[in-house]
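Colleague: Dropping in target_19.pdb, with PDB, C-alpha atoms.
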```pdb
ATOM      1  CA  MET N 262       0.000   0.000   0.000  1.00  0.00           C
ATOM      2  CA  VAL N 263       1.339   3.425  -1.003  1.00  0.00           C
ATOM      3  CA  PHE N 264       0.645   6.871   0.447  1.00  0.00           C
ATOM      4  CA  LEU N 265       0.218   9.380  -2.386  1.00  0.00           C
ATOM      5  CA  THR N 266       1.804  12.818  -2.462  1.00  0.00           C
ATOM      6  CA  ASP N 267       0.842  15.936  -4.405  1.00  0.00           C
ATOM      7  CA  LYS N 268       2.546  14.448  -7.440  1.00  0.00           C
ATOM      8  CA  ILE N 269       0.026  13.038  -9.934  1.00  0.00           C
ATOM      9  CA  GLU N 270       1.103   9.410 -10.100  1.00  0.00           C
ATOM     10  CA  PHE N 271       0.078   5.920  -8.960  1.00  0.00           C
ATOM     11  CA  PRO N 272       1.997   2.754  -8.153  1.00  0.00           C
ATOM     12  CA  ASN N 273       1.698  -0.269 -10.414  1.00  0.00           C
ATOM     13  CA  PRO N 274      -1.814  -1.785  -9.919  1.00  0.00           C
ATOM     14  CA  ASN N 275      -0.180  -5.152  -9.245  1.00  0.00           C
ATOM     15  CA  ARG N 276       0.989  -3.760  -5.896  1.00  0.00           C
ATOM     16  CA  ALA N 277      -2.604  -3.746  -4.596  1.00  0.00           C
ATOM     17  CA  ASP N 278      -3.293  -5.958  -1.595  1.00  0.00           C
ATOM     18  CA  SER N 279      -5.555  -9.009  -1.642  1.00  0.00           C
ATOM     19  CA  ASP N 280      -8.652  -6.817  -1.233  1.00  0.00           C
ATOM     20  CA  GLY N 281      -7.607  -4.581  -4.117  1.00  0.00           C
ATOM     21  CA  LEU N 282      -6.482  -1.582  -2.034  1.00  0.00           C
ATOM     22  CA  LEU N 283      -3.576   0.061  -3.831  1.00  0.00           C
ATOM     23  CA  ALA N 284      -2.990   3.560  -2.417  1.00  0.00           C
ATOM     24  CA  ILE N 285      -4.186   6.135   0.091  1.00  0.00           C
ATOM     25  CA  GLY N 286      -4.393   9.913  -0.133  1.00  0.00           C
ATOM     26  CA  GLY N 287      -4.056  12.305  -3.018  1.00  0.00           C
ATOM     27  CA  ASP N 288      -7.006  14.260  -4.355  1.00  0.00           C
ATOM     28  CA  LEU N 289      -9.895  14.020  -6.806  1.00  0.00           C
ATOM     29  CA  SER N 290      -8.511  16.407  -9.410  1.00  0.00           C
ATOM     30  CA  VAL N 291      -9.352  15.827 -13.051  1.00  0.00           C
ATOM     31  CA  GLN N 292      -5.770  14.885 -13.869  1.00  0.00           C
ATOM     32  CA  ARG N 293      -5.499  12.344 -11.064  1.00  0.00           C
ATOM     33  CA  LEU N 294      -8.895  10.761 -11.723  1.00  0.00           C
ATOM     34  CA  LEU N 295      -8.218  10.337 -15.440  1.00  0.00           C
ATOM     35  CA  LEU N 296      -4.798   8.844 -14.758  1.00  0.00           C
ATOM     36  CA  ALA N 297      -6.391   6.457 -12.270  1.00  0.00           C
ATOM     37  CA  TYR N 298      -9.066   5.175 -14.628  1.00  0.00           C
ATOM     38  CA  LYS N 299      -6.613   4.803 -17.501  1.00  0.00           C
ATOM     39  CA  ASN N 300      -4.608   2.491 -15.242  1.00  0.00           C
ATOM     40  CA  GLY N 301      -7.531   0.449 -13.900  1.00  0.00           C
ATOM     41  CA  ILE N 302      -7.717   2.298 -10.583  1.00  0.00           C
ATOM     42  CA  PHE N 303     -10.739   3.933  -8.967  1.00  0.00           C
ATOM     43  CA  PRO N 304     -11.479   5.830  -5.724  1.00  0.00           C
ATOM     44  CA  TRP N 305     -13.807   4.360  -3.105  1.00  0.00           C
ATOM     45  CA  PHE N 306     -14.072   5.694   0.427  1.00  0.00           C
ATOM     46  CA  ASN N 307     -16.796   6.517   2.914  1.00  0.00           C
ATOM     47  CA  ASP N 308     -16.557  10.072   4.193  1.00  0.00           C
ATOM     48  CA  ASP N 309     -15.370  13.486   3.026  1.00  0.00           C
ATOM     49  CA  LYS N 310     -13.191  13.609   6.158  1.00  0.00           C
ATOM     50  CA  ASP N 311     -11.474  10.305   5.331  1.00  0.00           C
ATOM     51  CA  LEU N 312      -8.359   9.910   3.232  1.00  0.00           C
ATOM     52  CA  ILE N 313      -9.142   8.832  -0.325  1.00  0.00           C
ATOM     53  CA  LEU N 314      -8.708   5.097  -0.916  1.00  0.00           C
ATOM     54  CA  TRP N 315      -7.680   3.905  -4.387  1.00  0.00           C
ATOM     55  CA  TRP N 316      -8.493   0.387  -5.573  1.00  0.00           C
ATOM     56  CA  SER N 317      -7.543  -2.031  -8.331  1.00  0.00           C
ATOM     57  CA  PRO N 318      -9.169  -5.373  -7.503  1.00  0.00           C
ATOM     58  CA  ASN N 319      -8.188  -8.745  -8.866  1.00  0.00           C
ATOM     59  CA  PRO N 320     -10.195 -10.346 -10.371  1.00  0.00           C
ATOM     60  CA  ARG N 321     -11.979  -7.493 -12.126  1.00  0.00           C
ATOM     61  CA  PHE N 322     -15.729  -7.612 -12.752  1.00  0.00           C
ATOM     62  CA  ILE N 323     -16.501  -6.617 -16.341  1.00  0.00           C
ATOM     63  CA  LEU N 324     -19.084  -7.094 -19.061  1.00  0.00           C
ATOM     64  CA  PHE N 325     -18.484  -7.657 -22.758  1.00  0.00           C
ATOM     65  CA  PRO N 326     -21.437  -5.946 -24.496  1.00  0.00           C
ATOM     66  CA  GLN N 327     -21.801  -8.795 -26.989  1.00  0.00           C
ATOM     67  CA  ARG N 328     -22.455 -11.127 -24.032  1.00  0.00           C
ATOM     68  CA  LEU N 329     -25.183  -8.968 -22.516  1.00  0.00           C
ATOM     69  CA  LYS N 330     -28.061 -11.098 -21.236  1.00  0.00           C
ATOM     70  CA  VAL N 331     -31.554  -9.653 -21.653  1.00  0.00           C
ATOM     71  CA  SER N 332     -34.399 -11.670 -20.151  1.00  0.00           C
ATOM     72  CA  LYS N 333     -37.659 -12.199 -22.037  1.00  0.00           C
ATOM     73  CA  SER N 334     -39.458 -10.034 -19.509  1.00  0.00           C
ATOM     74  CA  MET N 335     -36.994  -7.172 -20.056  1.00  0.00           C
ATOM     75  CA  VAL N 336     -37.325  -7.523 -23.820  1.00  0.00           C
ATOM     76  CA  GLN N 337     -41.074  -7.056 -23.407  1.00  0.00           C
ATOM     77  CA  ILE N 338     -40.643  -4.082 -21.067  1.00  0.00           C
ATOM     78  CA  LEU N 339     -38.318  -2.362 -23.533  1.00  0.00           C
ATOM     79  CA  ARG N 340     -40.619  -3.197 -26.427  1.00  0.00           C
ATOM     80  CA  ASN N 341     -43.603  -1.739 -24.576  1.00  0.00           C
ATOM     81  CA  LYS N 342     -41.616   1.477 -24.049  1.00  0.00           C
ATOM     82  CA  ASP N 343     -42.498   1.599 -20.353  1.00  0.00           C
ATOM     83  CA  PHE N 344     -39.525   3.924 -19.914  1.00  0.00           C
ATOM     84  CA  THR N 345     -37.904   6.793 -21.761  1.00  0.00           C
ATOM     85  CA  VAL N 346     -34.110   6.602 -21.679  1.00  0.00           C
ATOM     86  CA  THR N 347     -31.870   9.621 -22.238  1.00  0.00           C
ATOM     87  CA  VAL N 348     -28.122  10.280 -22.089  1.00  0.00           C
ATOM     88  CA  ASN N 349     -26.524  13.275 -20.348  1.00  0.00           C
ATOM     89  CA  LYS N 350     -29.827  15.023 -19.767  1.00  0.00           C
ATOM     90  CA  ASP N 351     -29.383  15.471 -16.008  1.00  0.00           C
ATOM     91  CA  PHE N 352     -26.043  14.198 -14.713  1.00  0.00           C
ATOM     92  CA  GLU N 353     -26.296  16.029 -11.407  1.00  0.00           C
ATOM     93  CA  ALA N 354     -29.679  14.498 -10.618  1.00  0.00           C
ATOM     94  CA  VAL N 355     -28.406  10.990 -11.416  1.00  0.00           C
ATOM     95  CA  ILE N 356     -25.286  11.187  -9.253  1.00  0.00           C
ATOM     96  CA  SER N 357     -27.296  12.764  -6.433  1.00  0.00           C
ATOM     97  CA  GLU N 358     -29.857   9.951  -6.543  1.00  0.00           C
ATOM     98  CA  CYS N 359     -27.060   7.367  -6.615  1.00  0.00           C
ATOM     99  CA  SER N 360     -25.559   8.956  -3.511  1.00  0.00           C
ATOM    100  CA  ILE N 361     -28.719   8.465  -1.452  1.00  0.00           C
ATOM    101  CA  ALA N 362     -29.846   5.115  -2.842  1.00  0.00           C
ATOM    102  CA  LYS N 363     -30.121   2.418  -0.186  1.00  0.00           C
ATOM    103  CA  ARG N 364     -27.986  -0.636  -0.931  1.00  0.00           C
ATOM    104  CA  GLU N 365     -28.058  -4.059   0.650  1.00  0.00           C
ATOM    105  CA  GLY N 366     -25.256  -4.525   3.149  1.00  0.00           C
ATOM    106  CA  GLN N 367     -24.178  -0.873   3.086  1.00  0.00           C
ATOM    107  CA  ALA N 368     -24.966   1.598   5.835  1.00  0.00           C
ATOM    108  CA  GLY N 369     -23.665   4.682   4.065  1.00  0.00           C
ATOM    109  CA  THR N 370     -22.431   5.862   0.690  1.00  0.00           C
ATOM    110  CA  TRP N 371     -19.066   6.277  -1.022  1.00  0.00           C
ATOM    111  CA  ILE N 372     -20.531   9.037  -3.201  1.00  0.00           C
ATOM    112  CA  THR N 373     -19.569  11.874  -0.887  1.00  0.00           C
ATOM    113  CA  ASN N 374     -20.025  15.574  -1.547  1.00  0.00           C
ATOM    114  CA  GLU N 375     -16.398  15.693  -2.678  1.00  0.00           C
ATOM    115  CA  MET N 376     -17.043  12.850  -5.126  1.00  0.00           C
ATOM    116  CA  ILE N 377     -20.175  14.517  -6.492  1.00  0.00           C
ATOM    117  CA  LYS N 378     -18.251  17.729  -7.109  1.00  0.00           C
ATOM    118  CA  ALA N 379     -15.342  15.909  -8.777  1.00  0.00           C
ATOM    119  CA  TYR N 380     -17.451  13.749 -11.093  1.00  0.00           C
ATOM    120  CA  THR N 381     -19.769  16.614 -12.016  1.00  0.00           C
ATOM    121  CA  ASN N 382     -16.633  18.476 -13.067  1.00  0.00           C
ATOM    122  CA  LEU N 383     -15.563  15.468 -15.154  1.00  0.00           C
ATOM    123  CA  HIS N 384     -18.985  15.489 -16.773  1.00  0.00           C
ATOM    124  CA  ARG N 385     -18.717  19.154 -17.696  1.00  0.00           C
ATOM    125  CA  LEU N 386     -15.382  18.377 -19.349  1.00  0.00           C
ATOM    126  CA  GLY N 387     -16.890  15.492 -21.329  1.00  0.00           C
ATOM    127  CA  TYR N 388     -15.360  12.567 -19.428  1.00  0.00           C
ATOM    128  CA  ALA N 389     -18.345  11.429 -17.350  1.00  0.00           C
ATOM    129  CA  THR N 390     -21.641  10.206 -18.786  1.00  0.00           C
ATOM    130  CA  SER N 391     -25.078   9.792 -17.261  1.00  0.00           C
ATOM    131  CA  VAL N 392     -28.011   7.695 -18.421  1.00  0.00           C
ATOM    132  CA  GLU N 393     -31.469   8.692 -17.204  1.00  0.00           C
ATOM    133  CA  VAL N 394     -34.676   6.657 -17.095  1.00  0.00           C
ATOM    134  CA  TRP N 395     -37.953   8.562 -17.074  1.00  0.00           C
ATOM    135  CA  GLN N 396     -41.513   7.520 -16.444  1.00  0.00           C
ATOM    136  CA  LYS N 397     -44.090  10.226 -17.148  1.00  0.00           C
ATOM    137  CA  ASP N 398     -41.343  12.873 -16.960  1.00  0.00           C
ATOM    138  CA  ILE N 399     -40.235  11.638 -13.517  1.00  0.00           C
ATOM    139  CA  LEU N 400     -36.649  10.412 -13.056  1.00  0.00           C
ATOM    140  CA  VAL N 401     -37.017   6.824 -11.825  1.00  0.00           C
ATOM    141  CA  GLY N 402     -33.586   5.340 -12.514  1.00  0.00           C
ATOM    142  CA  GLY N 403     -30.196   5.847 -14.032  1.00  0.00           C
ATOM    143  CA  LEU N 404     -26.469   5.296 -13.977  1.00  0.00           C
ATOM    144  CA  TYR N 405     -23.246   7.188 -14.504  1.00  0.00           C
ATOM    145  CA  GLY N 406     -19.650   6.390 -15.323  1.00  0.00           C
ATOM    146  CA  ILE N 407     -16.423   7.416 -17.008  1.00  0.00           C
ATOM    147  CA  ASP N 408     -15.834   7.257 -20.768  1.00  0.00           C
ATOM    148  CA  LEU N 409     -12.103   6.831 -21.322  1.00  0.00           C
ATOM    149  CA  GLY N 410     -12.344   7.425 -25.071  1.00  0.00           C
ATOM    150  CA  ASN N 411     -10.667   4.060 -25.729  1.00  0.00           C
ATOM    151  CA  GLY N 412     -13.718   1.822 -26.034  1.00  0.00           C
ATOM    152  CA  VAL N 413     -14.007   1.175 -22.285  1.00  0.00           C
ATOM    153  CA  PHE N 414     -16.840   2.566 -20.162  1.00  0.00           C
ATOM    154  CA  CYS N 415     -16.173   2.526 -16.427  1.00  0.00           C
ATOM    155  CA  GLY N 416     -19.495   2.200 -14.648  1.00  0.00           C
ATOM    156  CA  GLU N 417     -19.611   3.919 -11.285  1.00  0.00           C
ATOM    157  CA  SER N 418     -23.086   3.602  -9.819  1.00  0.00           C
ATOM    158  CA  MET N 419     -26.755   3.140 -10.661  1.00  0.00           C
ATOM    159  CA  PHE N 420     -30.056   3.661  -8.894  1.00  0.00           C
ATOM    160  CA  THR N 421     -33.659   2.663  -9.359  1.00  0.00           C
ATOM    161  CA  LYS N 422     -36.904   3.890  -7.846  1.00  0.00           C
ATOM    162  CA  VAL N 423     -39.184   1.506  -9.714  1.00  0.00           C
ATOM    163  CA  SER N 424     -38.680  -2.099 -10.746  1.00  0.00           C
ATOM    164  CA  ASN N 425     -36.364  -2.641 -13.742  1.00  0.00           C
ATOM    165  CA  ALA N 426     -35.505   1.046 -14.256  1.00  0.00           C
ATOM    166  CA  SER N 427     -31.751   0.635 -13.785  1.00  0.00           C
ATOM    167  CA  LYS N 428     -31.772  -2.458 -16.000  1.00  0.00           C
ATOM    168  CA  ALA N 429     -33.528  -0.431 -18.693  1.00  0.00           C
ATOM    169  CA  ALA N 430     -30.821   2.226 -18.417  1.00  0.00           C
ATOM    170  CA  PHE N 431     -27.969  -0.269 -18.627  1.00  0.00           C
ATOM    171  CA  ILE N 432     -29.409  -2.394 -21.437  1.00  0.00           C
ATOM    172  CA  THR N 433     -30.531   0.526 -23.591  1.00  0.00           C
ATOM    173  CA  PHE N 434     -27.186   2.289 -23.166  1.00  0.00           C
ATOM    174  CA  LEU N 435     -25.213  -0.793 -24.185  1.00  0.00           C
ATOM    175  CA  GLN N 436     -27.443  -1.533 -27.150  1.00  0.00           C
ATOM    176  CA  ASN N 437     -26.973   1.980 -28.502  1.00  0.00           C
ATOM    177  CA  THR N 438     -23.212   2.350 -28.019  1.00  0.00           C
ATOM    178  CA  ASN N 439     -20.197   0.446 -29.313  1.00  0.00           C
ATOM    179  CA  TYR N 440     -18.008  -0.062 -26.258  1.00  0.00           C
ATOM    180  CA  LYS N 441     -15.708  -3.075 -26.309  1.00  0.00           C
ATOM    181  CA  LEU N 442     -15.881  -3.490 -22.556  1.00  0.00           C
ATOM    182  CA  ILE N 443     -17.828  -2.235 -19.535  1.00  0.00           C
ATOM    183  CA  ASP N 444     -15.932  -2.030 -16.258  1.00  0.00           C
ATOM    184  CA  CYS N 445     -18.245  -3.041 -13.405  1.00  0.00           C
ATOM    185  CA  GLN N 446     -15.370  -3.001 -10.865  1.00  0.00           C
ATOM    186  CA  VAL N 447     -16.559  -5.533  -8.279  1.00  0.00           C
ATOM    187  CA  TYR N 448     -19.082  -8.376  -8.275  1.00  0.00           C
ATOM    188  CA  THR N 449     -22.800  -7.750  -7.842  1.00  0.00           C
ATOM    189  CA  LYS N 450     -25.641 -10.211  -8.410  1.00  0.00           C
ATOM    190  CA  HIS N 451     -27.546  -7.547 -10.349  1.00  0.00           C
ATOM    191  CA  LEU N 452     -24.837  -7.149 -12.990  1.00  0.00           C
ATOM    192  CA  ALA N 453     -23.984 -10.848 -13.009  1.00  0.00           C
ATOM    193  CA  SER N 454     -27.579 -11.510 -14.071  1.00  0.00           C
ATOM    194  CA  LEU N 455     -26.952  -9.241 -17.070  1.00  0.00           C
ATOM    195  CA  GLY N 456     -23.866 -11.148 -18.143  1.00  0.00           C
ATOM    196  CA  ALA N 457     -21.014  -9.524 -16.232  1.00  0.00           C
ATOM    197  CA  GLU N 458     -18.091 -11.798 -15.410  1.00  0.00           C
ATOM    198  CA  GLU N 459     -14.743 -11.788 -13.641  1.00  0.00           C
ATOM    199  CA  ILE N 460     -11.421 -11.647 -15.488  1.00  0.00           C
ATOM    200  CA  GLU N 461      -7.831 -11.330 -14.319  1.00  0.00           C
ATOM    201  CA  ARG N 462      -6.629  -7.807 -13.607  1.00  0.00           C
ATOM    202  CA  SER N 463      -3.819  -8.242 -16.140  1.00  0.00           C
ATOM    203  CA  GLU N 464      -6.345  -9.013 -18.869  1.00  0.00           C
ATOM    204  CA  PHE N 465      -8.433  -5.985 -17.929  1.00  0.00           C
ATOM    205  CA  LEU N 466      -5.379  -3.705 -17.984  1.00  0.00           C
ATOM    206  CA  ALA N 467      -4.499  -5.010 -21.441  1.00  0.00           C
ATOM    207  CA  TYR N 468      -7.929  -3.926 -22.721  1.00  0.00           C
ATOM    208  CA  LEU N 469      -7.327  -0.435 -21.297  1.00  0.00           C
ATOM    209  CA  LYS N 470      -4.030  -0.134 -23.144  1.00  0.00           C
ATOM    210  CA  GLU N 471      -5.534  -1.240 -26.479  1.00  0.00           C
ATOM    211  CA  GLY N 472      -7.417   2.030 -26.970  1.00  0.00           C
TER     212      GLY N 472
END
```
Could you express the structure from this file as structure tokens?
Modeller:
Amino acid sequence: MVFLTDKIEFPNPNRADSDGLLAIGGDLSVQRLLLAYKNGIFPWFNDDKDLILWWSPNPRFILFPQRLKVSKSMVQILRNKDFTVTVNKDFEAVISECSIAKREGQAGTWITNEMIKAYTNLHRLGYATSVEVWQKDILVGGLYGIDLGNGVFCGESMFTKVSNASKAAFITFLQNTNYKLIDCQVYTKHLASLGAEEIERSEFLAYLKEG
């Protein structure tokens, strides 16, 4: 584990411990965040008063868009147009909803005020993308993540207020983009049901360098 200084740099991801923790400290500047994502590293910590924790887990949980699994029920929901899906219509609303969404096994949120500010800044600069799901003009679900410009989309978080809204966001987004890989970071049953799988960190890093 490495303590970061003001210098914008990271240790080799292979130095992460068995839980994936690689480094502590630093900041959430645009330059540092972009360097992190380009090297398969992401921030994840619990409180604005805490030091920033940087992670690069092994194995890595990813999804190849061509292996996306869409259930028959979801096909029908999408066909019925129960939802309206947009991209980058209201990034701030999406990240705010993600920050307050209740998640099984988690008492708090890693999407702190500092994180919201940093990722909203990334969005304004064209590096962060949001997907919104609307039902009768009400925001009922969505997701956001980082577009590295190399064919990899790094998913950060999603939320849903009604059944299947976040799935509609994820599926519609993938079906209307041409990413080679979606980074889901760590295992969740929700994304596993959509076809996400674990690969070795070295393989994931190779995909990042291909862009």
Colleague: Out of N:Cys415, N:Ile361, N:Val401, N:Leu455, which residue has the shortest atom-to-atom distance to Lys299 of chain N when counting all atoms listed in the file?
Modeller: N:Cys415
Colleague: Hey, what comes out of the PyMOL selection byres ((chain N and resi 330) around 6) on this file? Could you write it as a ChimeraX atom specification?
Modeller: /N:329,331,455-456
Colleague: Could those residues be written to a file, using C-alpha atoms, as a tab-separated table (two decimals), in the coordinates of the input?
Modeller:
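Written output follows (again-v2.tsv):
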```tsv
chain	number	residue	atom	x	y	z
N	329	LEU	CA	-25.18	-8.97	-22.52
N	331	VAL	CA	-31.55	-9.65	-21.65
N	455	LEU	CA	-26.95	-9.24	-17.07
N	456	GLY	CA	-23.87	-11.15	-18.14
```
Colleague: Identify which of the residues N:Phe420, N:Phe325, N:Trp305, N:Trp371 lies closest to Gln436 of chain N, counting all atoms listed in the file when measuring atom-to-atom distances.
Modeller: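 Checking each of N:Phe420, N:Phe325, N:Trp305, N:Trp371 against Gln436 of chain N, counting all atoms listed in the file, the winner is N:Phe325.
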Colleague: From the set N:Ile323, N:Cys445, N:Ser454, N:Gly286, which residue has the shortest atom-to-atom contact distance to Thr266 of chain N, counting all atoms listed in the file?
Modeller: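 Using all atoms listed in the file, Thr266 of chain N sits closest to N:Gly286.
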Colleague: Calculated over all atoms listed in the file, which of the candidates N:Val413, N:Val263, N:Ala426, N:Ala467 has the smallest distance to Trp315 of chain N?
Modeller: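 Using all atoms listed in the file, the shortest distance to Trp315 of chain N belongs to N:Val263.
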Colleague: Of the candidates N:Arg321, N:Gln396, N:Gly410, N:Asn307, which one gets nearest to Glu471 of chain N if we count all atoms listed in the file?
Modeller: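 For Glu471 of chain N, the nearest of the candidates is N:Gly410.
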Colleague: Check what the PyMOL selection byres ((chain N and resi 301) around 9) selects in the file above and give those residues as a PDB file with C-alpha atoms, in the frame of the given file.
Modeller:
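The resulting part.pdb:
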```
ATOM      1  CA  PRO N 274      -1.814  -1.785  -9.919  1.00  0.00           C
ATOM      2  CA  LEU N 296      -4.798   8.844 -14.758  1.00  0.00           C
ATOM      3  CA  ALA N 297      -6.391   6.457 -12.270  1.00  0.00           C
ATOM      4  CA  TYR N 298      -9.066   5.175 -14.628  1.00  0.00           C
ATOM      5  CA  LYS N 299      -6.613   4.803 -17.501  1.00  0.00           C
ATOM      6  CA  ASN N 300      -4.608   2.491 -15.242  1.00  0.00           C
ATOM      7  CA  ILE N 302      -7.717   2.298 -10.583  1.00  0.00           C
ATOM      8  CA  PHE N 303     -10.739   3.933  -8.967  1.00  0.00           C
ATOM      9  CA  TRP N 316      -8.493   0.387  -5.573  1.00  0.00           C
ATOM     10  CA  SER N 317      -7.543  -2.031  -8.331  1.00  0.00           C
ATOM     11  CA  PRO N 318      -9.169  -5.373  -7.503  1.00  0.00           C
ATOM     12  CA  ARG N 462      -6.629  -7.807 -13.607  1.00  0.00           C
ATOM     13  CA  PHE N 465      -8.433  -5.985 -17.929  1.00  0.00           C
ATOM     14  CA  LEU N 466      -5.379  -3.705 -17.984  1.00  0.00           C
ATOM     15  CA  LEU N 469      -7.327  -0.435 -21.297  1.00  0.00           C
TER      16      LEU N 469
END
```
Colleague: Please determine, counting all atoms listed in the file, which residue among N:Ile443, N:Leu435, N:Ile338, N:Ile285 has the shortest atom-to-atom distance to Asp311 of chain N.
Modeller: N:Ile285
Colleague: Can you pull out every residue within 10 Å of Thr438 of chain N, counting only C-alpha atoms, but drop anything in the same chain fewer than 4 positions away, and send it as a tab-separated table (two decimals) with C-alpha atoms, in the coordinates of the input?
Modeller:
```tsv
chain	number	residue	atom	x	y	z
N	326	PRO	CA	-21.44	-5.95	-24.50
N	412	GLY	CA	-13.72	1.82	-26.03
N	433	THR	CA	-30.53	0.53	-23.59
N	434	PHE	CA	-27.19	2.29	-23.17
```
Colleague: In Å to one decimal, how far is atom CA of Asn425 of chain N from atom CA of Ser334 of chain N?
Modeller: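 Atom CA of Asn425 of chain N lies 9.9 Å from atom CA of Ser334 of chain N.
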Colleague: Excluding Gly416 of chain N and residues on its chain fewer than 6 positions from it, collect all residues at most 9 Å away from it, counting only C-alpha atoms, and give them as a list of chain:residue names.
Modeller: N:Leu404, N:Tyr405, N:Gly406, N:Ile407, N:Asp408, N:Ile443, N:Asp444, N:Cys445, N:Gln446
